[in-house]
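Structure data (PDB, C-alpha atoms) from coords.pdb:
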ATOM      1  CA  MET A1437     106.074 115.688  10.269
ATOM      2  CA  SER A1438     108.986 117.797   9.079
ATOM      3  CA  ILE A1439     107.496 119.145   5.847
ATOM      4  CA  LEU A1440     105.943 122.141   7.557
ATOM      5  CA  LEU A1441     104.573 123.738   4.414
ATOM      6  CA  SER A1442     103.882 122.534   0.879
ATOM      7  CA  ARG A1443     103.629 125.576  -1.337
ATOM      8  CA  ILE A1444     102.555 126.105  -4.930
ATOM      9  CA  ASP A1445     104.427 129.147  -6.201
ATOM     10  CA  ASP A1446     105.287 129.741  -9.830
ATOM     11  CA  ARG A1447     108.317 131.822  -8.820
ATOM     12  CA  LEU A1448     109.630 128.771  -6.937
ATOM     13  CA  ILE A1449     112.258 129.800  -4.358
ATOM     14  CA  HIS A1450     112.280 133.589  -4.044
ATOM     15  CA  GLY A1451     112.261 136.319  -1.420
ATOM     16  CA  GLN A1452     108.703 135.844  -0.194
ATOM     17  CA  VAL A1453     109.365 132.152   0.308
ATOM     18  CA  VAL A1454     112.774 132.448   1.955
ATOM     19  CA  VAL A1455     112.273 135.583   4.026
ATOM     20  CA  GLY A1456     108.495 135.670   4.444
ATOM     21  CA  TRP A1457     107.965 132.006   5.328
ATOM     22  CA  GLY A1458     111.408 130.584   5.928
ATOM     23  CA  GLY A1459     112.203 132.858   8.863
ATOM     24  CA  PRO A1460     109.006 132.492  10.906
ATOM     25  CA  LEU A1461     108.834 128.718  10.317
ATOM     26  CA  ARG A1462     112.602 128.329  10.975
ATOM     27  CA  ILE A1463     112.958 126.352   7.768
ATOM     28  CA  ARG A1464     116.314 124.574   7.446
ATOM     29  CA  ARG A1465     115.646 122.816   4.150
ATOM     30  CA  PHE A1466     113.853 123.885   0.980
ATOM     31  CA  ILE A1467     112.822 121.057  -1.310
ATOM     32  CA  LEU A1468     112.186 122.190  -4.864
ATOM     33  CA  VAL A1469     110.252 119.678  -6.952
ATOM     34  CA  ASP A1470     110.558 120.638 -10.582
ATOM     35  CA  ASP A1471     111.668 118.412 -13.468
ATOM     36  CA  GLU A1472     113.254 121.257 -15.422
ATOM     37  CA  VAL A1473     115.323 122.625 -12.544
ATOM     38  CA  ARG A1474     116.288 119.101 -11.482
ATOM     39  CA  ALA A1475     117.877 118.618 -14.893
ATOM     40  CA  SER A1476     119.815 121.894 -14.900
ATOM     41  CA  GLY A1477     122.889 122.315 -12.716
ATOM     42  CA  TRP A1478     123.242 126.033 -13.322
ATOM     43  CA  GLU A1479     119.586 126.690 -12.495
ATOM     44  CA  GLN A1480     120.098 124.834  -9.233
ATOM     45  CA  GLU A1481     123.038 127.133  -8.456
ATOM     46  CA  LEU A1482     120.790 130.099  -9.185
ATOM     47  CA  TYR A1483     118.222 128.942  -6.643
ATOM     48  CA  ARG A1484     120.904 128.119  -4.077
ATOM     49  CA  THR A1485     121.959 131.773  -4.124
ATOM     50  CA  THR A1486     118.526 132.675  -2.803
ATOM     51  CA  VAL A1487     118.812 130.943   0.568
ATOM     52  CA  PRO A1488     121.149 131.600   3.516
ATOM     53  CA  PRO A1489     124.350 129.505   3.403
ATOM     54  CA  ASP A1490     123.348 127.374   6.387
ATOM     55  CA  VAL A1491     120.038 126.323   4.818
ATOM     56  CA  VAL A1492     119.913 123.252   2.590
ATOM     57  CA  VAL A1493     118.225 123.164  -0.812
ATOM     58  CA  GLU A1494     117.296 119.800  -2.293
ATOM     59  CA  PHE A1495     116.177 119.403  -5.887
ATOM     60  CA  ALA A1496     113.983 116.561  -7.042
ATOM     61  CA  SER A1497     112.039 115.514 -10.094
ATOM     62  CA  VAL A1498     108.399 114.636  -9.544
ATOM     63  CA  GLU A1499     109.232 110.938  -9.689
ATOM     64  CA  GLU A1500     112.070 111.284  -7.212
ATOM     65  CA  ALA A1501     109.888 113.339  -4.894
ATOM     66  CA  ARG A1502     107.146 110.716  -4.869
ATOM     67  CA  ALA A1503     109.680 108.230  -3.567
ATOM     68  CA  GLU A1504     111.231 110.644  -1.061
ATOM     69  CA  LEU A1505     108.130 112.157   0.562
ATOM     70  CA  ARG A1506     108.174 109.659   3.417
ATOM     71  CA  ARG A1507     111.871 110.184   4.143
ATOM     72  CA  TRP A1508     111.537 113.967   4.105
ATOM     73  CA  ASN A1509     108.712 113.713   6.600
ATOM     74  CA  ASP A1510     110.446 111.213   8.817
ATOM     75  CA  ASP A1511     113.635 113.133   9.416
ATOM     76  CA  ALA A1512     113.732 116.031  11.826
ATOM     77  CA  THR A1513     114.815 118.859   9.510
ATOM     78  CA  PRO A1514     112.124 121.566   9.362
ATOM     79  CA  SER A1515     111.393 121.677   5.647
ATOM     80  CA  MET A1516     109.342 123.471   3.047
ATOM     81  CA  LEU A1517     108.365 121.773  -0.196
ATOM     82  CA  ILE A1518     107.873 124.008  -3.222
ATOM     83  CA  VAL A1519     106.367 123.237  -6.602
ATOM     84  CA  GLY A1520     105.602 125.558  -9.477
ATOM     85  CA  ALA A1521     102.321 124.106 -10.695
ATOM     86  CA  ILE A1522      99.103 122.691  -9.289
ATOM     87  CA  GLU A1523      99.422 119.594 -11.463
ATOM     88  CA  THR A1524     102.673 118.765  -9.689
ATOM     89  CA  VAL A1525     100.909 118.412  -6.339
ATOM     90  CA  ALA A1526      98.362 116.095  -7.904
ATOM     91  CA  ALA A1527     101.174 114.029  -9.425
ATOM     92  CA  LEU A1528     102.994 113.849  -6.073
ATOM     93  CA  LEU A1529      99.932 112.533  -4.274
ATOM     94  CA  GLN A1530      98.664 110.224  -7.003
ATOM     95  CA  GLY A1531      98.519 106.697  -5.671
ATOM     96  CA  GLN A1532      99.905 107.650  -2.249
ATOM     97  CA  ASP A1533      98.203 105.817   0.609
ATOM     98  CA  ASP A1534      98.986 108.538   3.107
ATOM     99  CA  LEU A1535      97.795 111.986   2.037
ATOM    100  CA  SER A1536      99.111 113.435   5.290
ATOM    101  CA  LEU A1537     102.541 113.379   3.661
ATOM    102  CA  LEU A1538     101.481 116.829   2.453
ATOM    103  CA  PRO A1539      99.292 117.921   5.359
ATOM    104  CA  THR A1540      98.378 121.333   3.969
ATOM    105  CA  VAL A1541      98.815 122.600   0.433
ATOM    106  CA  ASN A1542      99.493 126.314   0.356
ATOM    107  CA  LEU A1543      98.408 128.269  -2.741
ATOM    108  CA  GLY A1544     101.038 130.985  -2.549
ATOM    109  CA  GLY A1545     101.569 132.394  -6.017
ATOM    110  CA  VAL A1546      99.910 131.393  -9.255
ATOM    111  CA  HIS A1547      99.957 134.381 -11.536
ATOM    112  CA  ALA A1548      97.938 135.500 -14.547
ATOM    113  CA  GLY A1549      98.177 133.386 -17.679
ATOM    114  CA  PRO A1550      96.160 132.193 -20.673
ATOM    115  CA  GLY A1551      92.755 130.853 -19.614
ATOM    116  CA  ARG A1552      93.203 131.851 -15.994
ATOM    117  CA  ALA A1553      90.810 134.012 -14.007
ATOM    118  CA  ARG A1554      91.649 136.086 -10.954
ATOM    119  CA  LEU A1555      90.590 134.771  -7.551
ATOM    120  CA  LEU A1556      92.996 136.750  -5.396
ATOM    121  CA  ARG A1557      95.767 139.261  -6.014
ATOM    122  CA  TYR A1558      98.271 136.417  -6.134
ATOM    123  CA  LEU A1559      96.030 133.626  -7.358
ATOM    124  CA  PHE A1560      94.808 133.121 -10.919
ATOM    125  CA  LEU A1561      93.415 129.735 -11.951
ATOM    126  CA  SER A1562      92.085 128.048 -15.062
ATOM    127  CA  ASP A1563      89.015 125.820 -14.987
ATOM    128  CA  GLU A1564      91.283 122.791 -15.283
ATOM    129  CA  GLU A1565      93.375 123.883 -12.312
ATOM    130  CA  ARG A1566      90.250 124.475 -10.247
ATOM    131  CA  SER A1567      89.071 120.955 -11.090
ATOM    132  CA  VAL A1568      92.392 119.495  -9.946
ATOM    133  CA  LEU A1569      92.127 121.358  -6.638
ATOM    134  CA  ASP A1570      88.491 120.299  -6.217
ATOM    135  CA  ALA A1571      89.514 116.679  -6.706
ATOM    136  CA  LEU A1572      92.369 116.959  -4.202
ATOM    137  CA  ALA A1573      90.046 118.573  -1.652
ATOM    138  CA  GLU A1574      87.538 115.777  -2.149
ATOM    139  CA  GLN A1575      90.276 113.263  -1.414
ATOM    140  CA  GLY A1576      90.866 115.020   1.906
ATOM    141  CA  VAL A1577      93.832 117.255   1.105
ATOM    142  CA  ARG A1578      93.650 120.494   3.072
ATOM    143  CA  ILE A1579      94.164 123.424   0.684
ATOM    144  CA  GLU A1580      94.561 127.051   1.695
ATOM    145  CA  ALA A1581      95.441 130.239  -0.152
ATOM    146  CA  GLN A1582      97.887 132.389   1.780
ATOM    147  CA  ASP A1583     100.707 134.452   0.317
ATOM    148  CA  LEU A1584     102.451 135.313   3.594
ATOM    149  CA  PRO A1585     102.203 134.148   7.214
ATOM    150  CA  GLY A1586     100.617 137.455   8.254
ATOM    151  CA  SER A1587      97.683 137.113   5.865
ATOM    152  CA  ARG A1588      94.552 135.174   6.598
ATOM    153  CA  PRO A1589      94.630 131.606   5.271
ATOM    154  CA  ILE A1590      91.654 131.209   2.954
ATOM    155  CA  PRO A1591      90.309 127.654   2.763
ATOM    156  CA  TRP A1592      89.801 126.336  -0.759
ATOM    157  CA  GLY A1593      86.118 125.918   0.062
ATOM    158  CA  GLU A1594      85.747 129.697   0.166
ATOM    159  CA  LEU A1595      87.279 130.070  -3.296
ATOM    160  CA  SER A1596      85.945 127.107  -5.246
TER     161      SER A1596
ATOM    162  CA  MET B 371     128.608 165.935 -33.657
ATOM    163  CA  THR B 372     126.088 163.703 -31.928
ATOM    164  CA  GLU B 373     127.374 160.924 -29.671
ATOM    165  CA  PRO B 374     126.112 157.376 -30.251
ATOM    166  CA  PRO B 375     123.378 156.500 -27.770
ATOM    167  CA  GLY B 376     125.512 154.212 -25.597
ATOM    168  CA  LEU B 377     124.420 151.459 -23.275
ATOM    169  CA  LEU B 378     120.855 150.950 -22.238
ATOM    170  CA  GLY B 379     120.134 150.612 -18.515
ATOM    171  CA  VAL B 380     117.408 148.236 -17.358
ATOM    172  CA  VAL B 381     116.361 148.425 -13.718
ATOM    173  CA  VAL B 382     114.677 145.242 -12.452
ATOM    174  CA  ALA B 383     113.209 145.372  -8.966
ATOM    175  CA  HIS B 384     110.398 144.372  -6.660
ATOM    176  CA  SER B 385     107.063 146.178  -6.674
ATOM    177  CA  GLY B 386     107.401 149.859  -7.699
ATOM    178  CA  VAL B 387     111.069 150.312  -6.803
ATOM    179  CA  ALA B 388     112.439 150.258 -10.381
ATOM    180  CA  GLN B 389     110.037 152.881 -11.702
ATOM    181  CA  ALA B 390     110.679 155.124  -8.698
ATOM    182  CA  LEU B 391     114.444 154.930  -9.239
ATOM    183  CA  VAL B 392     114.121 155.610 -12.963
ATOM    184  CA  ASP B 393     111.795 158.563 -12.348
ATOM    185  CA  ALA B 394     114.189 160.033  -9.796
ATOM    186  CA  ALA B 395     117.252 159.557 -12.026
ATOM    187  CA  GLU B 396     115.519 161.183 -14.978
ATOM    188  CA  GLU B 397     114.276 164.054 -12.853
ATOM    189  CA  ILE B 398     117.750 164.764 -11.488
ATOM    190  CA  THR B 399     119.700 164.407 -14.751
ATOM    191  CA  GLY B 400     117.179 165.316 -17.414
ATOM    192  CA  VAL B 401     118.395 162.278 -19.383
ATOM    193  CA  ARG B 402     115.405 160.385 -20.781
ATOM    194  CA  ASP B 403     114.994 157.050 -22.523
ATOM    195  CA  ALA B 404     118.284 155.623 -21.289
ATOM    196  CA  LEU B 405     116.729 153.686 -18.425
ATOM    197  CA  VAL B 406     113.841 151.228 -18.523
ATOM    198  CA  ALA B 407     112.022 150.026 -15.398
ATOM    199  CA  VAL B 408     110.852 146.447 -14.918
ATOM    200  CA  SER B 409     108.686 145.353 -11.991
ATOM    201  CA  ASN B 410     108.064 141.811 -10.823
ATOM    202  CA  THR B 411     104.527 142.644  -9.763
ATOM    203  CA  ASP B 412     101.792 140.190 -10.740
ATOM    204  CA  CYS B 413     103.823 137.855 -12.908
ATOM    205  CA  ASP B 414     105.412 134.452 -12.721
ATOM    206  CA  ARG B 415     109.085 133.817 -13.459
ATOM    207  CA  VAL B 416     108.506 133.183 -17.178
ATOM    208  CA  ALA B 417     106.526 136.393 -17.606
ATOM    209  CA  LEU B 418     109.113 138.338 -15.619
ATOM    210  CA  GLU B 419     111.881 137.047 -17.852
ATOM    211  CA  GLY B 420     109.754 138.162 -20.813
ATOM    212  CA  ARG B 421     109.540 141.655 -19.325
ATOM    213  CA  VAL B 422     113.311 141.790 -18.952
ATOM    214  CA  VAL B 423     113.824 140.629 -22.550
ATOM    215  CA  ALA B 424     111.364 143.208 -23.888
ATOM    216  CA  ALA B 425     112.995 145.987 -21.866
ATOM    217  CA  MET B 426     116.444 145.155 -23.281
ATOM    218  CA  ARG B 427     115.208 145.781 -26.859
ATOM    219  CA  GLY B 428     118.011 143.588 -28.181
ATOM    220  CA  GLU B 429     120.537 146.335 -27.356
ATOM    221  CA  PRO B 430     123.757 146.102 -25.361
ATOM    222  CA  ALA B 431     122.635 146.740 -21.816
ATOM    223  CA  ILE B 432     123.560 146.887 -18.196
ATOM    224  CA  ILE B 433     120.901 145.418 -15.949
ATOM    225  CA  PHE B 434     120.558 146.832 -12.472
ATOM    226  CA  VAL B 435     118.834 144.427 -10.062
ATOM    227  CA  ASP B 436     117.685 145.226  -6.529
ATOM    228  CA  LEU B 437     118.727 142.086  -4.639
ATOM    229  CA  PRO B 438     121.473 139.536  -5.289
ATOM    230  CA  SER B 439     118.863 136.774  -5.063
ATOM    231  CA  GLY B 440     115.132 136.385  -5.532
ATOM    232  CA  SER B 441     112.792 136.482  -8.497
ATOM    233  CA  CYS B 442     114.206 139.590 -10.212
ATOM    234  CA  PHE B 443     117.759 138.292 -10.018
ATOM    235  CA  GLN B 444     116.755 134.799 -11.111
ATOM    236  CA  ALA B 445     114.699 135.954 -14.084
ATOM    237  CA  THR B 446     117.518 138.215 -15.258
ATOM    238  CA  LEU B 447     120.249 135.601 -14.963
ATOM    239  CA  HIS B 448     118.029 132.946 -16.493
ATOM    240  CA  HIS B 449     117.757 135.045 -19.628
ATOM    241  CA  LEU B 450     121.405 136.045 -19.678
ATOM    242  CA  HIS B 451     122.801 132.565 -19.253
ATOM    243  CA  ASP B 452     125.280 131.989 -22.084
ATOM    244  CA  ARG B 453     124.675 135.480 -23.491
ATOM    245  CA  GLU B 454     127.284 138.202 -23.633
ATOM    246  CA  THR B 455     125.219 141.183 -24.718
ATOM    247  CA  ALA B 456     124.465 142.351 -21.220
ATOM    248  CA  VAL B 457     125.888 142.436 -17.709
ATOM    249  CA  VAL B 458     124.275 142.606 -14.279
ATOM    250  CA  VAL B 459     124.899 144.686 -11.174
ATOM    251  CA  THR B 460     122.917 143.964  -8.015
ATOM    252  CA  GLY B 461     122.093 146.298  -5.135
ATOM    253  CA  VAL B 462     120.954 149.083  -7.450
ATOM    254  CA  ASN B 463     120.888 152.543  -5.918
ATOM    255  CA  LEU B 464     120.277 156.032  -7.196
ATOM    256  CA  ALA B 465     123.950 157.005  -7.062
ATOM    257  CA  MET B 466     124.974 154.297  -9.527
ATOM    258  CA  LEU B 467     122.124 155.166 -11.898
ATOM    259  CA  LEU B 468     123.025 158.848 -11.923
ATOM    260  CA  ASP B 469     126.652 158.068 -12.699
ATOM    261  CA  PHE B 470     125.663 155.548 -15.358
ATOM    262  CA  LEU B 471     123.572 158.108 -17.219
ATOM    263  CA  PHE B 472     126.690 160.194 -17.815
ATOM    264  CA  HIS B 473     128.984 157.251 -18.648
ATOM    265  CA  ARG B 474     127.020 155.206 -21.143
ATOM    266  CA  GLN B 475     129.748 155.033 -23.788
ATOM    267  CA  ALA B 476     131.755 152.435 -21.898
ATOM    268  CA  ASP B 477     131.763 148.775 -22.862
ATOM    269  CA  PRO B 478     129.348 146.677 -20.774
ATOM    270  CA  ARG B 479     131.966 145.115 -18.488
ATOM    271  CA  SER B 480     133.639 148.433 -17.696
ATOM    272  CA  ALA B 481     130.246 149.983 -17.032
ATOM    273  CA  MET B 482     129.389 147.096 -14.729
ATOM    274  CA  GLN B 483     132.581 147.549 -12.688
ATOM    275  CA  ARG B 484     132.093 151.303 -12.515
ATOM    276  CA  ALA B 485     128.486 150.987 -11.382
ATOM    277  CA  ALA B 486     129.429 148.566  -8.628
ATOM    278  CA  GLU B 487     132.176 150.895  -7.395
ATOM    279  CA  VAL B 488     130.046 154.035  -7.503
ATOM    280  CA  GLY B 489     127.109 152.319  -5.849
ATOM    281  CA  THR B 490     129.296 150.943  -3.080
ATOM    282  CA  LYS B 491     130.978 154.304  -2.433
ATOM    283  CA  ALA B 492     127.560 155.901  -1.968
ATOM    284  CA  ILE B 493     126.901 153.782   1.107
ATOM    285  CA  ARG B 494     128.315 155.665   4.055
ATOM    286  CA  PRO B 495     127.524 155.669   7.751
ATOM    287  CA  CYS B 496     126.856 159.178   9.031
ATOM    288  CA  PRO B 497     128.392 159.934  11.450
ATOM    289  CA  SER B 498     131.235 157.701  10.359
ATOM    290  CA  SER B 499     132.522 156.972  13.849
TER     291      SER B 499
END

For this file, write the structure as structure tokens.
Amino acid sequence: MSILLSRIDDRLIHGQVVVGWGGPLRIRRFILVDDEVRASGWEQELYRTTVPPDVVVEFASVEEARAELRRWNDDATPSMLIVGAIETVAALLQGQDDLSLLPTVNLGGVHAGPGRARLLRYLFLSDEERSVLDALAEQGVRIEAQDLPGSRPIPWGELS
Amino acid sequence: MTEPPGLLGVVVAHSGVAQALVDAAEEITGVRDALVAVSNTDCDRVALEGRVVAAMRGEPAIIFVDLPSGSCFQATLHHLHDRETAVVVTGVNLAMLLDFLFHRQADPRSAMQRAAEVGTKAIRPCPSS
């Protein structure tokens, strides 16, 4: 299983992701699943500047990612998958037979916004987003909130 | 005769770094209201870009960013894409801010080059050999 972490972070690829997680997990490939970034060459260049030159960044739309999840897991490159929204994880797993393609979903950074309430310093969710996470958890997806490797992973069950 | 106000400086950095740099620069020079601090604390990339836009006030500006990558850099460049009203210098330090406060009449590109040179010159190993 080479997707070592699947992270929801509305800042996408940034310092906490690259330095905080990428170093300790020895990540060699970041996979950014975001329709908007996938369609924008200059935004992709912007995110490439964030990672060391010897680390690969792949960009995928949600549809492309659904088709590629198996391949990303089957090859040996230690990888981290990043999405910006909770709904994207639900869309990635919709209709998939094997939920272990994303073994653990990491809630890493969902910040304040309209209709959202604070659960943790780095985690603000709306009722709709909580329902999506509840449904994923019921399907058997392991969900944890954890901003950095040094902090305690908080199971979704403690937050829902 | 009063000089025109000159360029605005916007410092965009992680956590409380920008405000600390602005406070220090103002304390040393006595020049107020020429620098605006923007923090990335507690906001997503869209909100951070909104903070940068608000700080620029629609004026010609030089934007000082802490790192040449990461959320502050990305939010700034995302806003400035295809715009020519502002320029960016990364690796902000106090030396470049102090110099900027006394050279705000330059055009944005000249100010950008000057800030990069001054900031780089301020980095010295001591002892040097």

* Selection result for the ChimeraX specification (/B :<7) & /A on this file, as a list in words ->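 So the ChimeraX specification (/B :<7) & /A ends up selecting Asp1446, Arg1447, His1450, Gly1451, Leu1482, Thr1485, Thr1486, His1547, Ala1548 and Tyr1558 of chain A.
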
Writing out the chosen residues with C-alpha atoms as a compact mmCIF listing (two decimals), keeping the file's coordinate frame:
# COMPACT_ATOMS: atom_id res chain seq x y z
CA ASP A 1446 105.29 129.74 -9.83
CA ARG A 1447 108.32 131.82 -8.82
CA HIS A 1450 112.28 133.59 -4.04
CA GLY A 1451 112.26 136.32 -1.42
CA LEU A 1482 120.79 130.10 -9.18
CA THR A 1485 121.96 131.77 -4.12
CA THR A 1486 118.53 132.68 -2.80
CA HIS A 1547 99.96 134.38 -11.54
CA ALA A 1548 97.94 135.50 -14.55
CA TYR A 1558 98.27 136.42 -6.13

* Top pick for closest residue to Val1487 (chain A), considering A:Leu1468, A:Val1455, A:Glu1499, A:Gln1582 and counting all atoms listed in the file ->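 The shortest atom-to-atom distance to Val1487 (chain A) comes from A:Val1455.
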
* Output the residue selection produced by the PyMOL selection byres ((chain A and resi 1500) around 12) on the file above, formatted as a PyMOL selection string. => chain A and resi 1467-1471+1474+1494-1499+1501-1508+1527-1528

Residues near Leu1556 (chain A), cut-off 10 Å, only C-alpha atoms, skip fewer than 4 positions along chain, as a compact mmCIF listing (two decimals) with C-alpha atoms, in the frame of the given file:
# COMPACT_ATOMS: atom_id res chain seq x y z
CA GLY A 1545 101.57 132.39 -6.02
CA VAL A 1546 99.91 131.39 -9.26
CA HIS A 1547 99.96 134.38 -11.54
CA PHE A 1560 94.81 133.12 -10.92
CA LEU A 1561 93.42 129.74 -11.95
CA ALA A 1581 95.44 130.24 -0.15
CA GLN A 1582 97.89 132.39 1.78
CA ASP A 1583 100.71 134.45 0.32
CA LEU A 1595 87.28 130.07 -3.30

* To do: Name every residue that the PyMOL selection byres ((chain B and resi 460-475) around 6) selects in this structure, writing the answer as number ranges by chain with chains first and numbers rising.
  => B: 376-377, 395, 434-438, 459, 476, 485, 488-489

* **Residue nearest Ile1449 (chain A) among A:Leu1569, A:Ile1463, A:Ile1518, A:Met1437 (counting only C-alpha atoms)** =>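 Once distances to Ile1449 (chain A) are computed over only C-alpha atoms, the minimum belongs to A:Ile1518.
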
* Structure fact -> CA of Ile1590 (chain A) sits from CA of Leu1448 (chain A) at a separation of 20.7 Å

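Computed from the coordinates, the CA of Asp477 (chain B) to CA of Thr446 (chain B) distance equals 19.3 Å.
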
* Could you please determine the separation between CA of Ala481 (chain B) and CA of Glu419 (chain B) in Å, to one decimal place? =>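 Distance between the two atoms: 22.5 Å.
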
* To do: Counting all atoms listed in the file, figure out which residue out of A:Leu1584, A:Leu1517, A:Ala1573, A:Val1493 gets nearest to Leu1538 (chain A).
  => A:Leu1517

Give me, as an mmCIF file with C-alpha atoms, in the coordinates of the input, all polymer residues having an atom no more than 8 Å from Ser1562 (chain A), counting all atoms listed in the file and skipping those fewer than 4 positions away in the same chain.
data_model
loop_
_atom_site.group_PDB
_atom_site.id
_atom_site.type_symbol
_atom_site.label_atom_id
_atom_site.label_comp_id
_atom_site.auth_asym_id
_atom_site.auth_seq_id
_atom_site.Cartn_x
_atom_site.Cartn_y
_atom_site.Cartn_z
ATOM 1 C CA GLY A 1551 92.755 130.853 -19.614
ATOM 2 C CA ARG A 1552 93.203 131.851 -15.994
ATOM 3 C CA ALA A 1553 90.810 134.012 -14.007
ATOM 4 C CA ARG A 1566 90.250 124.475 -10.247
#

* Step by step: start from the point (111.5, 146.7, -7.3) in the file's coordinates, keep every protein, DNA or RNA residue that has an atom no farther than 8 Å from it, count only C-alpha atoms, and write the set as a list in words. => Val382, Ala383, His384, Ser385, Gly386, Val387, Ala388, Gln389, Val408, Ser409, Asn410 and Asp436 of chain B

* Residues at most 9 Å from Val457 (chain B), counting all atoms listed in the file, excluding those fewer than 2 positions away in the same chain, as a ChimeraX atom specification? -> /B:430-434,450,454-455,459,478-479,481-482

* **Selected residue, from A:Gly1520, A:Pro1591, A:Pro1585, A:Pro1550, that lies nearest to Val1473 (chain A) when counting only C-alpha atoms** =>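 Of all the options, A:Gly1520 lies closest to Val1473 (chain A).
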